[in-house]
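A.B. asks: For reference, the file protein30.pdb (PDB, C-alpha atoms) is included below:
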```pdb
ATOM      1  CA  MET A1215       6.022  13.433  20.097
ATOM      2  CA  THR A1216       5.035  11.150  17.214
ATOM      3  CA  LYS A1217       6.145   7.552  17.625
ATOM      4  CA  LYS A1218       7.240   5.262  14.797
ATOM      5  CA  LEU A1219       5.015   2.201  14.597
ATOM      6  CA  LEU A1220       6.785   0.519  11.681
ATOM      7  CA  GLU A1221      10.275   1.053  10.336
ATOM      8  CA  VAL A1222      11.583  -0.808   7.299
ATOM      9  CA  LYS A1223      15.322  -0.645   6.657
ATOM     10  CA  ASN A1224      17.122  -1.682   3.457
ATOM     11  CA  LEU A1225      14.500  -4.254   2.484
ATOM     12  CA  ARG A1226      15.344  -6.513  -0.451
ATOM     13  CA  THR A1227      12.832  -9.041  -1.784
ATOM     14  CA  TYR A1228      13.919 -10.999  -4.856
ATOM     15  CA  PHE A1229      12.231 -13.636  -6.998
ATOM     16  CA  HIS A1230      14.617 -16.303  -8.273
ATOM     17  CA  THR A1231      13.321 -17.941 -11.436
ATOM     18  CA  PHE A1232      14.725 -20.096 -14.263
ATOM     19  CA  LYS A1233      14.773 -16.983 -16.418
ATOM     20  CA  GLY A1234      16.696 -14.912 -13.899
ATOM     21  CA  THR A1235      16.322 -12.892 -10.722
ATOM     22  CA  VAL A1236      13.702 -10.189 -10.336
ATOM     23  CA  LYS A1237      14.633  -7.549  -7.773
ATOM     24  CA  ALA A1238      11.036  -6.665  -6.936
ATOM     25  CA  VAL A1239      12.018  -4.660  -3.846
ATOM     26  CA  ASP A1240      15.587  -3.414  -3.927
ATOM     27  CA  ASP A1241      17.015  -1.629  -0.889
ATOM     28  CA  VAL A1242      13.802   0.070   0.231
ATOM     29  CA  SER A1243      13.546   1.977   3.510
ATOM     30  CA  PHE A1244      10.550   3.806   4.984
ATOM     31  CA  TRP A1245       8.574   4.236   8.187
ATOM     32  CA  VAL A1246       5.000   4.667   9.362
ATOM     33  CA  ASP A1247       4.110   6.722  12.430
ATOM     34  CA  GLU A1248       1.296   5.907  14.820
ATOM     35  CA  GLY A1249      -2.013   7.224  13.469
ATOM     36  CA  GLU A1250      -0.528   7.984  10.050
ATOM     37  CA  ILE A1251      -1.634   7.107   6.522
ATOM     38  CA  LEU A1252       1.298   6.335   4.212
ATOM     39  CA  ALA A1253       0.637   5.861   0.497
ATOM     40  CA  ILE A1254       2.905   3.796  -1.751
ATOM     41  CA  VAL A1255       2.228   4.707  -5.387
ATOM     42  CA  GLY A1256       3.550   3.850  -8.821
ATOM     43  CA  GLU A1257       2.819   1.887 -11.974
ATOM     44  CA  SER A1258       2.217  -1.852 -12.011
ATOM     45  CA  GLY A1259       5.467  -3.750 -11.609
ATOM     46  CA  GLY A1260       7.047  -1.092  -9.411
ATOM     47  CA  GLY A1261       7.206  -3.283  -6.299
ATOM     48  CA  LYS A1262       4.391  -1.684  -4.308
ATOM     49  CA  SER A1263       2.404  -4.815  -3.490
ATOM     50  CA  VAL A1264       5.514  -6.916  -2.852
ATOM     51  CA  THR A1265       6.615  -4.296  -0.325
ATOM     52  CA  GLY A1266       3.310  -4.682   1.527
ATOM     53  CA  PHE A1267       3.454  -8.475   1.457
ATOM     54  CA  SER A1268       7.069  -8.384   2.647
ATOM     55  CA  VAL A1269       6.107  -6.377   5.739
ATOM     56  CA  ILE A1270       3.892  -9.243   6.948
ATOM     57  CA  ARG A1271       6.201 -11.882   5.457
ATOM     58  CA  LEU A1272       3.723 -13.364   3.006
ATOM     59  CA  ILE A1273       6.281 -13.928   0.250
ATOM     60  CA  GLU A1274       6.042 -17.344  -1.357
ATOM     61  CA  GLU A1275       8.546 -19.243  -3.504
ATOM     62  CA  PRO A1276      10.278 -18.429  -5.750
ATOM     63  CA  GLY A1277      10.287 -15.159  -3.827
ATOM     64  CA  ARG A1278      12.463 -14.555  -0.806
ATOM     65  CA  ILE A1279      13.240 -11.665   1.514
ATOM     66  CA  GLU A1280      16.984 -11.454   0.987
ATOM     67  CA  SER A1281      17.877  -8.912   3.649
ATOM     68  CA  GLY A1282      16.679  -5.950   5.636
ATOM     69  CA  GLU A1283      14.937  -5.122   8.886
ATOM     70  CA  ILE A1284      11.183  -4.856   9.480
ATOM     71  CA  LEU A1285      10.801  -3.231  12.876
ATOM     72  CA  PHE A1286       7.279  -3.206  14.322
ATOM     73  CA  GLU A1287       7.081  -1.397  17.655
ATOM     74  CA  GLY A1288      10.838  -1.874  17.862
ATOM     75  CA  LYS A1289      10.743  -5.658  17.330
ATOM     76  CA  ASP A1290      12.309  -7.086  14.160
ATOM     77  CA  LEU A1291       9.679  -9.261  12.467
ATOM     78  CA  MET A1292      12.428 -10.956  10.461
ATOM     79  CA  GLY A1293      13.550 -12.712  13.642
ATOM     80  CA  LEU A1294      10.153 -14.263  14.401
ATOM     81  CA  SER A1295       9.203 -17.844  13.628
ATOM     82  CA  GLU A1296       6.229 -18.585  11.374
ATOM     83  CA  SER A1297       4.019 -19.426  14.370
ATOM     84  CA  GLN A1298       5.001 -16.142  16.019
ATOM     85  CA  MET A1299       4.225 -14.258  12.786
ATOM     86  CA  ASN A1300       0.791 -15.890  12.671
ATOM     87  CA  ARG A1301       0.031 -14.216  15.988
ATOM     88  CA  VAL A1302       1.073 -10.866  14.534
ATOM     89  CA  ARG A1303      -0.896 -11.200  11.294
ATOM     90  CA  GLY A1304      -4.498 -10.208  11.796
ATOM     91  CA  LYS A1305      -4.014  -9.036  15.372
ATOM     92  CA  ASP A1306      -1.278  -6.382  15.190
ATOM     93  CA  ILE A1307      -0.979  -6.034  11.410
ATOM     94  CA  SER A1308      -3.845  -6.867   9.077
ATOM     95  CA  MET A1309      -4.149  -6.771   5.300
ATOM     96  CA  ILE A1310      -6.905  -5.806   2.925
ATOM     97  CA  PHE A1311      -6.288  -7.715  -0.282
ATOM     98  CA  GLN A1312      -6.724  -6.392  -3.782
ATOM     99  CA  ASP A1313      -9.735  -8.155  -5.254
ATOM    100  CA  PRO A1314     -12.980  -8.234  -3.250
ATOM    101  CA  MET A1315     -14.358 -10.813  -5.691
ATOM    102  CA  THR A1316     -11.820 -13.477  -4.710
ATOM    103  CA  SER A1317     -10.700 -12.496  -1.200
ATOM    104  CA  LEU A1318     -13.686 -14.146   0.496
ATOM    105  CA  ASN A1319     -14.261 -17.912   0.663
ATOM    106  CA  PRO A1320     -17.465 -18.662  -1.305
ATOM    107  CA  VAL A1321     -18.436 -21.718   0.801
ATOM    108  CA  TYR A1322     -18.519 -19.959   4.191
ATOM    109  CA  THR A1323     -20.968 -17.353   5.417
ATOM    110  CA  ILE A1324     -19.890 -13.795   6.096
ATOM    111  CA  GLY A1325     -20.364 -14.382   9.826
ATOM    112  CA  GLN A1326     -18.120 -17.460   9.812
ATOM    113  CA  GLN A1327     -15.343 -15.592   8.031
ATOM    114  CA  ILE A1328     -15.430 -12.677  10.459
ATOM    115  CA  GLU A1329     -15.553 -15.018  13.456
ATOM    116  CA  GLU A1330     -12.484 -16.893  12.208
ATOM    117  CA  THR A1331     -10.313 -13.869  12.998
ATOM    118  CA  LEU A1332     -12.024 -13.340  16.361
ATOM    119  CA  ILE A1333     -11.475 -16.997  17.314
ATOM    120  CA  LEU A1334      -7.778 -16.799  16.413
ATOM    121  CA  HIS A1335      -6.968 -13.511  18.100
ATOM    122  CA  THR A1336      -9.482 -12.906  20.925
ATOM    123  CA  ASP A1337     -10.918 -14.703  23.942
ATOM    124  CA  LEU A1338     -14.517 -13.743  23.214
ATOM    125  CA  SER A1339     -17.325 -16.200  23.836
ATOM    126  CA  PRO A1340     -19.555 -17.317  20.902
ATOM    127  CA  LYS A1341     -22.224 -14.829  21.964
ATOM    128  CA  GLU A1342     -19.668 -12.016  22.234
ATOM    129  CA  ARG A1343     -18.168 -12.944  18.852
ATOM    130  CA  LYS A1344     -21.573 -12.692  17.193
ATOM    131  CA  ALA A1345     -22.191  -9.302  18.791
ATOM    132  CA  ALA A1346     -18.751  -8.122  17.708
ATOM    133  CA  SER A1347     -19.343  -9.344  14.143
ATOM    134  CA  ILE A1348     -22.644  -7.457  13.966
ATOM    135  CA  GLU A1349     -20.985  -4.293  15.221
ATOM    136  CA  LEU A1350     -18.136  -4.661  12.711
ATOM    137  CA  LEU A1351     -20.560  -4.942   9.800
ATOM    138  CA  ARG A1352     -22.482  -1.947  11.114
ATOM    139  CA  SER A1353     -19.258   0.071  11.431
ATOM    140  CA  VAL A1354     -18.431  -0.463   7.746
ATOM    141  CA  GLY A1355     -21.875   0.668   6.648
ATOM    142  CA  ILE A1356     -23.680  -2.608   5.944
ATOM    143  CA  SER A1357     -27.383  -2.401   6.739
ATOM    144  CA  ASN A1358     -29.252  -5.165   8.590
ATOM    145  CA  PRO A1359     -25.990  -6.687   9.867
ATOM    146  CA  GLU A1360     -27.768  -9.348  11.951
ATOM    147  CA  SER A1361     -29.270 -11.012   8.878
ATOM    148  CA  ARG A1362     -26.192 -10.385   6.718
ATOM    149  CA  LEU A1363     -24.074 -12.627   8.945
ATOM    150  CA  LYS A1364     -25.863 -15.645   7.449
ATOM    151  CA  ALA A1365     -25.351 -14.535   3.853
ATOM    152  CA  TYR A1366     -22.687 -15.855   1.478
ATOM    153  CA  PRO A1367     -20.243 -13.689  -0.524
ATOM    154  CA  HIS A1368     -22.101 -14.212  -3.817
ATOM    155  CA  GLN A1369     -25.122 -12.492  -2.273
ATOM    156  CA  PHE A1370     -23.138  -9.243  -1.874
ATOM    157  CA  SER A1371     -22.160  -6.641  -4.435
ATOM    158  CA  GLY A1372     -18.487  -5.847  -5.050
ATOM    159  CA  GLY A1373     -18.610  -2.774  -2.830
ATOM    160  CA  MET A1374     -20.304  -4.674  -0.007
ATOM    161  CA  ARG A1375     -17.751  -7.491  -0.257
ATOM    162  CA  GLN A1376     -14.967  -4.961   0.092
ATOM    163  CA  ARG A1377     -16.684  -3.564   3.190
ATOM    164  CA  VAL A1378     -16.779  -7.091   4.622
ATOM    165  CA  ILE A1379     -13.060  -7.478   3.935
ATOM    166  CA  ILE A1380     -12.414  -4.215   5.774
ATOM    167  CA  ALA A1381     -14.533  -5.482   8.682
ATOM    168  CA  ILE A1382     -12.449  -8.679   8.828
ATOM    169  CA  ALA A1383      -9.238  -6.619   8.761
ATOM    170  CA  LEU A1384     -10.511  -4.541  11.703
ATOM    171  CA  ALA A1385     -11.858  -7.494  13.703
ATOM    172  CA  ALA A1386      -8.915  -7.895  16.087
ATOM    173  CA  ASP A1387      -8.346  -4.116  16.348
ATOM    174  CA  PRO A1388      -4.923  -4.066  14.599
ATOM    175  CA  LYS A1389      -2.496  -1.200  14.982
ATOM    176  CA  LEU A1390      -1.460  -1.252  11.313
ATOM    177  CA  ILE A1391      -3.530  -2.026   8.212
ATOM    178  CA  ILE A1392      -1.970  -2.672   4.799
ATOM    179  CA  ALA A1393      -4.434  -2.080   1.963
ATOM    180  CA  ASP A1394      -3.269  -3.445  -1.392
ATOM    181  CA  GLU A1395      -5.146  -1.660  -4.193
ATOM    182  CA  PRO A1396      -8.394  -1.970  -2.184
ATOM    183  CA  THR A1397     -10.647  -0.371  -4.827
ATOM    184  CA  THR A1398      -9.257  -1.872  -8.060
ATOM    185  CA  ALA A1399     -12.363  -3.874  -9.061
ATOM    186  CA  LEU A1400     -14.917  -1.260  -7.985
ATOM    187  CA  ASP A1401     -16.594   1.512  -9.940
ATOM    188  CA  VAL A1402     -15.589   5.118  -9.314
ATOM    189  CA  THR A1403     -18.501   6.018  -7.022
ATOM    190  CA  ILE A1404     -17.956   2.975  -4.791
ATOM    191  CA  GLN A1405     -14.192   3.609  -4.778
ATOM    192  CA  ALA A1406     -14.740   7.020  -3.208
ATOM    193  CA  GLN A1407     -17.070   5.558  -0.561
ATOM    194  CA  ILE A1408     -14.638   2.780   0.367
ATOM    195  CA  LEU A1409     -11.643   5.107   0.627
ATOM    196  CA  ARG A1410     -13.595   7.607   2.722
ATOM    197  CA  LEU A1411     -14.723   4.788   4.999
ATOM    198  CA  MET A1412     -11.171   3.471   5.408
ATOM    199  CA  ALA A1413      -9.834   6.907   6.290
ATOM    200  CA  GLU A1414     -12.558   7.423   8.893
ATOM    201  CA  LEU A1415     -12.033   3.991  10.477
ATOM    202  CA  VAL A1416      -8.262   4.430  10.594
ATOM    203  CA  ARG A1417      -8.169   7.958  11.958
ATOM    204  CA  GLY A1418     -11.095   7.383  14.312
ATOM    205  CA  LYS A1419      -9.153   4.887  16.422
ATOM    206  CA  GLY A1420      -5.624   6.138  15.873
ATOM    207  CA  ARG A1421      -4.671   3.224  13.645
ATOM    208  CA  SER A1422      -2.019   3.442  10.932
ATOM    209  CA  LEU A1423      -2.545   2.593   7.265
ATOM    210  CA  ILE A1424      -0.278   1.726   4.354
ATOM    211  CA  LEU A1425      -2.284   2.333   1.188
ATOM    212  CA  VAL A1426      -0.824   0.672  -1.904
ATOM    213  CA  THR A1427      -2.229   2.184  -5.099
ATOM    214  CA  HIS A1428      -1.414   3.350  -8.619
ATOM    215  CA  ASP A1429      -3.741   6.342  -8.265
ATOM    216  CA  LEU A1430      -1.885   9.431  -7.101
ATOM    217  CA  ALA A1431      -5.083  11.504  -7.285
ATOM    218  CA  VAL A1432      -6.732   9.282  -4.667
ATOM    219  CA  VAL A1433      -3.931   9.462  -2.118
ATOM    220  CA  SER A1434      -3.487  13.200  -2.499
ATOM    221  CA  GLU A1435      -6.734  13.634  -0.561
ATOM    222  CA  MET A1436      -6.210  11.122   2.266
ATOM    223  CA  ALA A1437      -2.513  10.294   2.788
ATOM    224  CA  ASP A1438      -0.201  12.079   5.205
ATOM    225  CA  ARG A1439       2.933  11.016   3.326
ATOM    226  CA  ILE A1440       3.690   9.458  -0.059
ATOM    227  CA  ASN A1441       6.378   7.068  -1.263
ATOM    228  CA  VAL A1442       6.704   6.891  -5.050
ATOM    229  CA  MET A1443       8.162   3.575  -6.260
ATOM    230  CA  TYR A1444       9.658   2.666  -9.609
ATOM    231  CA  CYS A1445      11.311  -0.650 -10.512
ATOM    232  CA  GLY A1446      11.669  -1.793  -6.916
ATOM    233  CA  LYS A1447      13.027   1.462  -5.524
ATOM    234  CA  VAL A1448      11.591   4.497  -3.754
ATOM    235  CA  VAL A1449      12.371   7.413  -6.072
ATOM    236  CA  GLU A1450      10.622  10.131  -4.059
ATOM    237  CA  SER A1451       9.150  10.382  -0.582
ATOM    238  CA  GLY A1452       7.799  13.076   1.653
ATOM    239  CA  PRO A1453       4.703  14.761   3.051
ATOM    240  CA  THR A1454       1.788  14.618   0.616
ATOM    241  CA  ARG A1455       1.710  18.323  -0.139
ATOM    242  CA  ASP A1456       5.463  18.403  -0.803
ATOM    243  CA  VAL A1457       5.305  15.440  -3.184
ATOM    244  CA  ILE A1458       2.240  16.814  -4.989
ATOM    245  CA  ASP A1459       3.067  20.537  -5.043
ATOM    246  CA  ARG A1460       6.876  20.332  -5.129
ATOM    247  CA  SER A1461       7.427  17.152  -7.144
ATOM    248  CA  ALA A1462      11.165  16.749  -7.590
ATOM    249  CA  HIS A1463      11.467  13.481  -9.553
ATOM    250  CA  PRO A1464      10.561  13.466 -13.273
ATOM    251  CA  TYR A1465       8.584  10.252 -12.738
ATOM    252  CA  THR A1466       6.430  11.853 -10.046
ATOM    253  CA  LYS A1467       5.935  14.851 -12.329
ATOM    254  CA  GLY A1468       4.769  12.503 -15.047
ATOM    255  CA  LEU A1469       2.292  10.727 -12.786
ATOM    256  CA  ILE A1470       0.792  14.020 -11.660
ATOM    257  CA  GLY A1471       0.681  15.352 -15.215
ATOM    258  CA  SER A1472      -1.338  12.349 -16.339
ATOM    259  CA  ILE A1473      -4.150  13.048 -13.839
ATOM    260  CA  PRO A1474      -7.222  14.639 -15.452
ATOM    261  CA  ASP A1475      -7.783  18.199 -14.257
ATOM    262  CA  LEU A1476     -10.816  20.193 -15.345
ATOM    263  CA  GLU A1477      -8.990  23.458 -14.654
ATOM    264  CA  ARG A1478      -6.270  22.745 -17.210
ATOM    265  CA  ASP A1479      -6.737  24.200 -20.661
ATOM    266  CA  LYS A1480      -5.407  21.196 -22.572
ATOM    267  CA  ASN A1481      -6.784  18.885 -25.216
ATOM    268  CA  ARG A1482      -4.678  15.874 -24.258
ATOM    269  CA  LEU A1483      -3.319  14.551 -20.987
ATOM    270  CA  GLU A1484       0.428  14.375 -20.516
ATOM    271  CA  THR A1485       1.953  10.922 -20.826
ATOM    272  CA  ILE A1486       5.161   9.254 -19.721
ATOM    273  CA  LYS A1487       6.816   7.915 -22.836
ATOM    274  CA  GLY A1488       7.797   4.265 -23.067
ATOM    275  CA  ILE A1489       6.906   1.480 -20.654
ATOM    276  CA  VAL A1490       8.236   0.065 -17.400
ATOM    277  CA  PRO A1491      11.409  -1.887 -18.292
ATOM    278  CA  ASN A1492      11.627  -5.668 -18.174
ATOM    279  CA  MET A1493      12.430  -6.568 -14.555
ATOM    280  CA  PHE A1494      14.680  -9.383 -15.817
ATOM    281  CA  ASP A1495      16.768  -6.892 -17.772
ATOM    282  CA  LEU A1496      16.826  -3.554 -15.995
ATOM    283  CA  PRO A1497      18.864  -0.706 -17.502
ATOM    284  CA  LYS A1498      22.069   0.442 -15.869
ATOM    285  CA  GLY A1499      22.137   3.615 -13.837
ATOM    286  CA  CYS A1500      18.801   5.270 -13.109
ATOM    287  CA  LYS A1501      16.009   2.837 -13.980
ATOM    288  CA  PHE A1502      13.808   5.699 -15.195
ATOM    289  CA  ALA A1503      16.472   7.185 -17.487
ATOM    290  CA  PRO A1504      15.224   5.534 -20.742
ATOM    291  CA  ARG A1505      11.847   7.277 -20.261
ATOM    292  CA  CYS A1506      13.098  10.545 -18.762
ATOM    293  CA  THR A1507      13.189  13.807 -20.730
ATOM    294  CA  ARG A1508      15.851  15.218 -18.375
ATOM    295  CA  ALA A1509      18.258  12.267 -18.575
ATOM    296  CA  LYS A1510      21.916  12.921 -19.350
ATOM    297  CA  GLU A1511      24.887  10.603 -19.784
ATOM    298  CA  ILE A1512      25.456  10.069 -16.064
ATOM    299  CA  CYS A1513      21.846   8.894 -15.634
ATOM    300  CA  HIS A1514      22.491   5.896 -17.907
ATOM    301  CA  VAL A1515      25.604   4.681 -16.076
ATOM    302  CA  GLN A1516      25.265   5.639 -12.401
ATOM    303  CA  GLU A1517      22.402   5.162  -9.957
ATOM    304  CA  PRO A1518      21.402   8.422  -8.289
ATOM    305  CA  GLU A1519      21.877   8.978  -4.588
ATOM    306  CA  VAL A1520      19.078  10.169  -2.344
ATOM    307  CA  ILE A1521      18.957  13.961  -2.090
ATOM    308  CA  ASN A1522      17.240  15.902   0.702
ATOM    309  CA  MET A1523      14.984  18.496  -0.903
ATOM    310  CA  SER A1524      13.975  19.488   2.627
ATOM    311  CA  GLN A1525      14.148  17.907   6.059
ATOM    312  CA  SER A1526      11.262  15.553   5.242
ATOM    313  CA  HIS A1527      11.292  15.423   1.432
ATOM    314  CA  GLN A1528      13.762  13.110  -0.360
ATOM    315  CA  VAL A1529      14.332  12.230  -4.005
ATOM    316  CA  ALA A1530      16.661   9.817  -5.833
ATOM    317  CA  CYS A1531      17.559  11.740  -8.985
ATOM    318  CA  HIS A1532      20.660  13.269 -10.587
ATOM    319  CA  PHE A1533      18.711  16.284 -11.895
ATOM    320  CA  PRO A1534      15.646  16.838  -9.691
ATOM    321  CA  PHE A1535      13.190  19.672 -10.197
ATOM    322  CA  ARG A1536      13.736  22.479  -7.710
ATOM    323  CA  GLU A1537      10.673  24.617  -8.160
ATOM    324  CA  GLU A1538       8.529  26.420  -5.611
ATOM    325  CA  VAL A1539       4.807  25.986  -5.019
ATOM    326  CA  LEU A1540       2.826  27.915  -7.616
TER     327      LEU A1540
END
```
Would you mind writing the file's structure down as structure tokens?
C.D. replies:
Amino acid sequence: MTKKLLEVKNLRTYFHTFKGTVKAVDDVSFWVDEGEILAIVGESGGGKSVTGFSVIRLIEEPGRIESGEILFEGKDLMGLSESQMNRVRGKDISMIFQDPMTSLNPVYTIGQQIEETLILHTDLSPKERKAASIELLRSVGISNPESRLKAYPHQFSGGMRQRVIIAIALAADPKLIIADEPTTALDVTIQAQILRLMAELVRGKGRSLILVTHDLAVVSEMADRINVMYCGKVVESGPTRDVIDRSAHPYTKGLIGSIPDLERDKNRLETIKGIVPNMFDLPKGCKFAPRCTRAKEICHVQEPEVINMSQSHQVACHFPFREEVL
């Protein structure tokens, strides 16, 4: 029987500013099973990254986790002190940050930055740490790892730097990895290599992965389940094939329709009209209603409840699509 590794319940993370309060994550619930890849997708400003940072409690002022439970292996991380969380970060839960150009410290060698995690979370000797660092670089596909340990980040390409970041994230053999837009600054060819590598490293050792991305086409090939977020809320969730082939929310439909497909006989890609609303001044009712072609009066005054399209497929919409796989 599959076991839940992480379970997030009714998470709310708000940013209190002089201009007002931004509800970046507003009553979000989800889970990640052992050995599973969960994708969180949506446009910029939807709350994807803040959700990932909230899981490992890396929210800085003026942000604050207002309420909710973050259960990791049954233990609520919200009840841990900062020193206790520091023992969790890197060892049990690690994070791959968005920009490989700025995620590494330019004044330390690659070897020093990998060893930092090993020093914090393992009892390895200096000789064992060096051997482990070499093996980590080799596992992420970096050639001549022995000599590369002495190199500095500026001596690596963007793709190689991202591989180093993945190696650092894997150093203490975490059970859960959170990857926040891990291929944003990379070209398309390198993106594919990095994502393939991450999937292999995660599945090869039974780890779990939360992949935060705006690219629904990418996750359709590697994720087990998908959560679609819009304006701080999960609007659709379910197994990848259900979300892709049986999209129920108009927003999900729009995201899929905007993906280039060589088999379609169309001159222009579909677009979602309008833009993401101002998070300081969100519309009443369904937050997607001002951009939705299916919206009716109730959508503008009342937030939709979550509907079960199947046992594992949920959508928050007053008028969801109910079509079969073509």
A.B. asks: Please, what distance in Å, to one decimal, runs between atom CA of A:Ser1347 and atom CA of A:Met1299?
C.D. replies: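 Straight-line distance from atom CA of A:Ser1347 to atom CA of A:Met1299 works out to 24.1 Å.
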A.B. asks: Under the rule that only C-alpha atoms are counted, which of A:Glu1283, A:Ile1379, A:Lys1510, A:Gln1516 is the nearest residue to A:Pro1497?
C.D. replies: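 Checking each candidate against A:Pro1497, we get A:Gln1516 as the closest.
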A.B. asks: What do you get, as a list in words, if you spell out every residue that the PyMOL selection byres ((chain A and resi 1279) around 7) selects here?
C.D. replies: Arg1226, Thr1227, Tyr1228, Arg1278, Glu1280 and Ser1281 of chain A
A.B. asks: For this file, the PyMOL selection byres ((chain A and resi 1256-1264) around 7) selects which residues, as number ranges by chain?
C.D. replies: A: 1238-1239, 1254-1255, 1265-1268, 1394, 1426, 1428, 1442-1446
A.B. asks: Selected residues, C-alpha atoms, written as an mmCIF file, in the coordinates of the input, please.
C.D. replies:
```cif
data_model
loop_
_atom_site.group_PDB
_atom_site.id
_atom_site.type_symbol
_atom_site.label_atom_id
_atom_site.label_comp_id
_atom_site.auth_asym_id
_atom_site.auth_seq_id
_atom_site.Cartn_x
_atom_site.Cartn_y
_atom_site.Cartn_z
ATOM 1 C CA ALA A 1238 11.036 -6.665 -6.936
ATOM 2 C CA VAL A 1239 12.018 -4.660 -3.846
ATOM 3 C CA ILE A 1254 2.905 3.796 -1.751
ATOM 4 C CA VAL A 1255 2.228 4.707 -5.387
ATOM 5 C CA THR A 1265 6.615 -4.296 -0.325
ATOM 6 C CA GLY A 1266 3.310 -4.682 1.527
ATOM 7 C CA PHE A 1267 3.454 -8.475 1.457
ATOM 8 C CA SER A 1268 7.069 -8.384 2.647
ATOM 9 C CA ASP A 1394 -3.269 -3.445 -1.392
ATOM 10 C CA VAL A 1426 -0.824 0.672 -1.904
ATOM 11 C CA HIS A 1428 -1.414 3.350 -8.619
ATOM 12 C CA VAL A 1442 6.704 6.891 -5.050
ATOM 13 C CA MET A 1443 8.162 3.575 -6.260
ATOM 14 C CA TYR A 1444 9.658 2.666 -9.609
ATOM 15 C CA CYS A 1445 11.311 -0.650 -10.512
ATOM 16 C CA GLY A 1446 11.669 -1.793 -6.916
#
```
A.B. asks: Run the PyMOL selection byres ((chain A and resi 1348-1355) around 9) on the file and write out the hits as a PyMOL selection string.
C.D. replies: chain A and resi 1325+1328+1343-1347+1356-1360+1362-1363+1374+1377-1378+1380-1382+1384-1385+1408+1411-1412+1415
A.B. asks: Restricting it to C-alpha atoms, dump the selection as a JSON list (two decimals), in the coordinates of the input.
C.D. replies:
```
[["chain", "number", "residue", "atom", "x", "y", "z"],
["A", 1325, "GLY", "CA", -20.36, -14.38, 9.83],
["A", 1328, "ILE", "CA", -15.43, -12.68, 10.46],
["A", 1343, "ARG", "CA", -18.17, -12.94, 18.85],
["A", 1344, "LYS", "CA", -21.57, -12.69, 17.19],
["A", 1345, "ALA", "CA", -22.19, -9.30, 18.79],
["A", 1346, "ALA", "CA", -18.75, -8.12, 17.71],
["A", 1347, "SER", "CA", -19.34, -9.34, 14.14],
["A", 1356, "ILE", "CA", -23.68, -2.61, 5.94],
["A", 1357, "SER", "CA", -27.38, -2.40, 6.74],
["A", 1358, "ASN", "CA", -29.25, -5.16, 8.59],
["A", 1359, "PRO", "CA", -25.99, -6.69, 9.87],
["A", 1360, "GLU", "CA", -27.77, -9.35, 11.95],
["A", 1362, "ARG", "CA", -26.19, -10.38, 6.72],
["A", 1363, "LEU", "CA", -24.07, -12.63, 8.94],
["A", 1374, "MET", "CA", -20.30, -4.67, -0.01],
["A", 1377, "ARG", "CA", -16.68, -3.56, 3.19],
["A", 1378, "VAL", "CA", -16.78, -7.09, 4.62],
["A", 1380, "ILE", "CA", -12.41, -4.22, 5.77],
["A", 1381, "ALA", "CA", -14.53, -5.48, 8.68],
["A", 1382, "ILE", "CA", -12.45, -8.68, 8.83],
["A", 1384, "LEU", "CA", -10.51, -4.54, 11.70],
["A", 1385, "ALA", "CA", -11.86, -7.49, 13.70],
["A", 1408, "ILE", "CA", -14.64, 2.78, 0.37],
["A", 1411, "LEU", "CA", -14.72, 4.79, 5.00],
["A", 1412, "MET", "CA", -11.17, 3.47, 5.41],
["A", 1415, "LEU", "CA", -12.03, 3.99, 10.48]]
```
A.B. asks: Could you give me, as a VMD selection string, the residues within 8 Å of stretch 1335-1338 of chain A, counting only C-alpha atoms and dropping anything in the same chain fewer than 5 positions from it?
C.D. replies: chain A and resid 1301 1304 to 1305 1343 1386
A.B. asks: With distances taken over all atoms listed in the file, which of A:Glu1275, A:Asp1247, A:Asp1241, A:Glu1330 is nearest to A:Leu1225?
C.D. replies: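 For A:Leu1225, the nearest of the given residues is A:Asp1241.
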A.B. asks: Find the residue from A:Gly1282, A:Gly1420, A:Pro1518, A:Gly1373 that sits nearest to A:Phe1244; use only C-alpha atoms when measuring.
C.D. replies: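 Checking each of A:Gly1282, A:Gly1420, A:Pro1518, A:Gly1373 against A:Phe1244, counting only C-alpha atoms, the winner is A:Gly1282.
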A.B. asks: I'd like to know which of A:Pro1464, A:Pro1453, A:Gly1488, A:Gly1234 is closest to A:Arg1508, using all atoms listed in the file.
C.D. replies: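 Ranking A:Pro1464, A:Pro1453, A:Gly1488, A:Gly1234 by distance to A:Arg1508, first place goes to A:Pro1464.
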A.B. asks: So what do you get for atom CA of A:Leu1272 versus atom CA of A:Glu1450, distance-wise?
C.D. replies: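 If I compute the distance from atom CA of A:Leu1272 to atom CA of A:Glu1450, I get 25.5 Å.
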A.B. asks: Enter the distance from atom CA of A:Ile1391 to atom CA of A:Glu1435, in Å, rounded to one decimal.
C.D. replies: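 About the pair atom CA of A:Ile1391 and atom CA of A:Glu1435: they are 18.2 Å apart.
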A.B. asks: Might I get the box with edges along x, y and z of the file that holds all atoms of stretch 1224-1236 of chain A listed there, padded by 8 Å on every side, given as centre and edge lengths in Å to one decimal, as AutoDock Vina command-line options?
C.D. replies:
```
--center_x 14.7 --center_y -10.9 --center_z -6.5 --size_x 20.9 --size_y 34.4 --size_z 35.9
```
A.B. asks: Tell me which of A:Tyr1322, A:Leu1220, A:Pro1504, A:Phe1535 sits closest to A:Leu1252, counting all atoms listed in the file.
C.D. replies: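 Using all atoms listed in the file, the shortest distance to A:Leu1252 belongs to A:Leu1220.
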A.B. asks: When you count only C-alpha atoms, which of these residues is closest to A:Asn1441: A:Ile1392, A:Ile1512, A:Val1457, A:Ile1473?
C.D. replies: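 That would be A:Val1457, the residue with the smallest distance to A:Asn1441.
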A.B. asks: Skip stretch 1501-1503 of chain A itself and residues of its chain fewer than 3 positions away, then list as a ChimeraX atom specification all residues within 8 Å of it, counting only C-alpha atoms.
C.D. replies: /A:1444-1445,1465,1491,1496-1498,1506,1509,1513-1514,1517
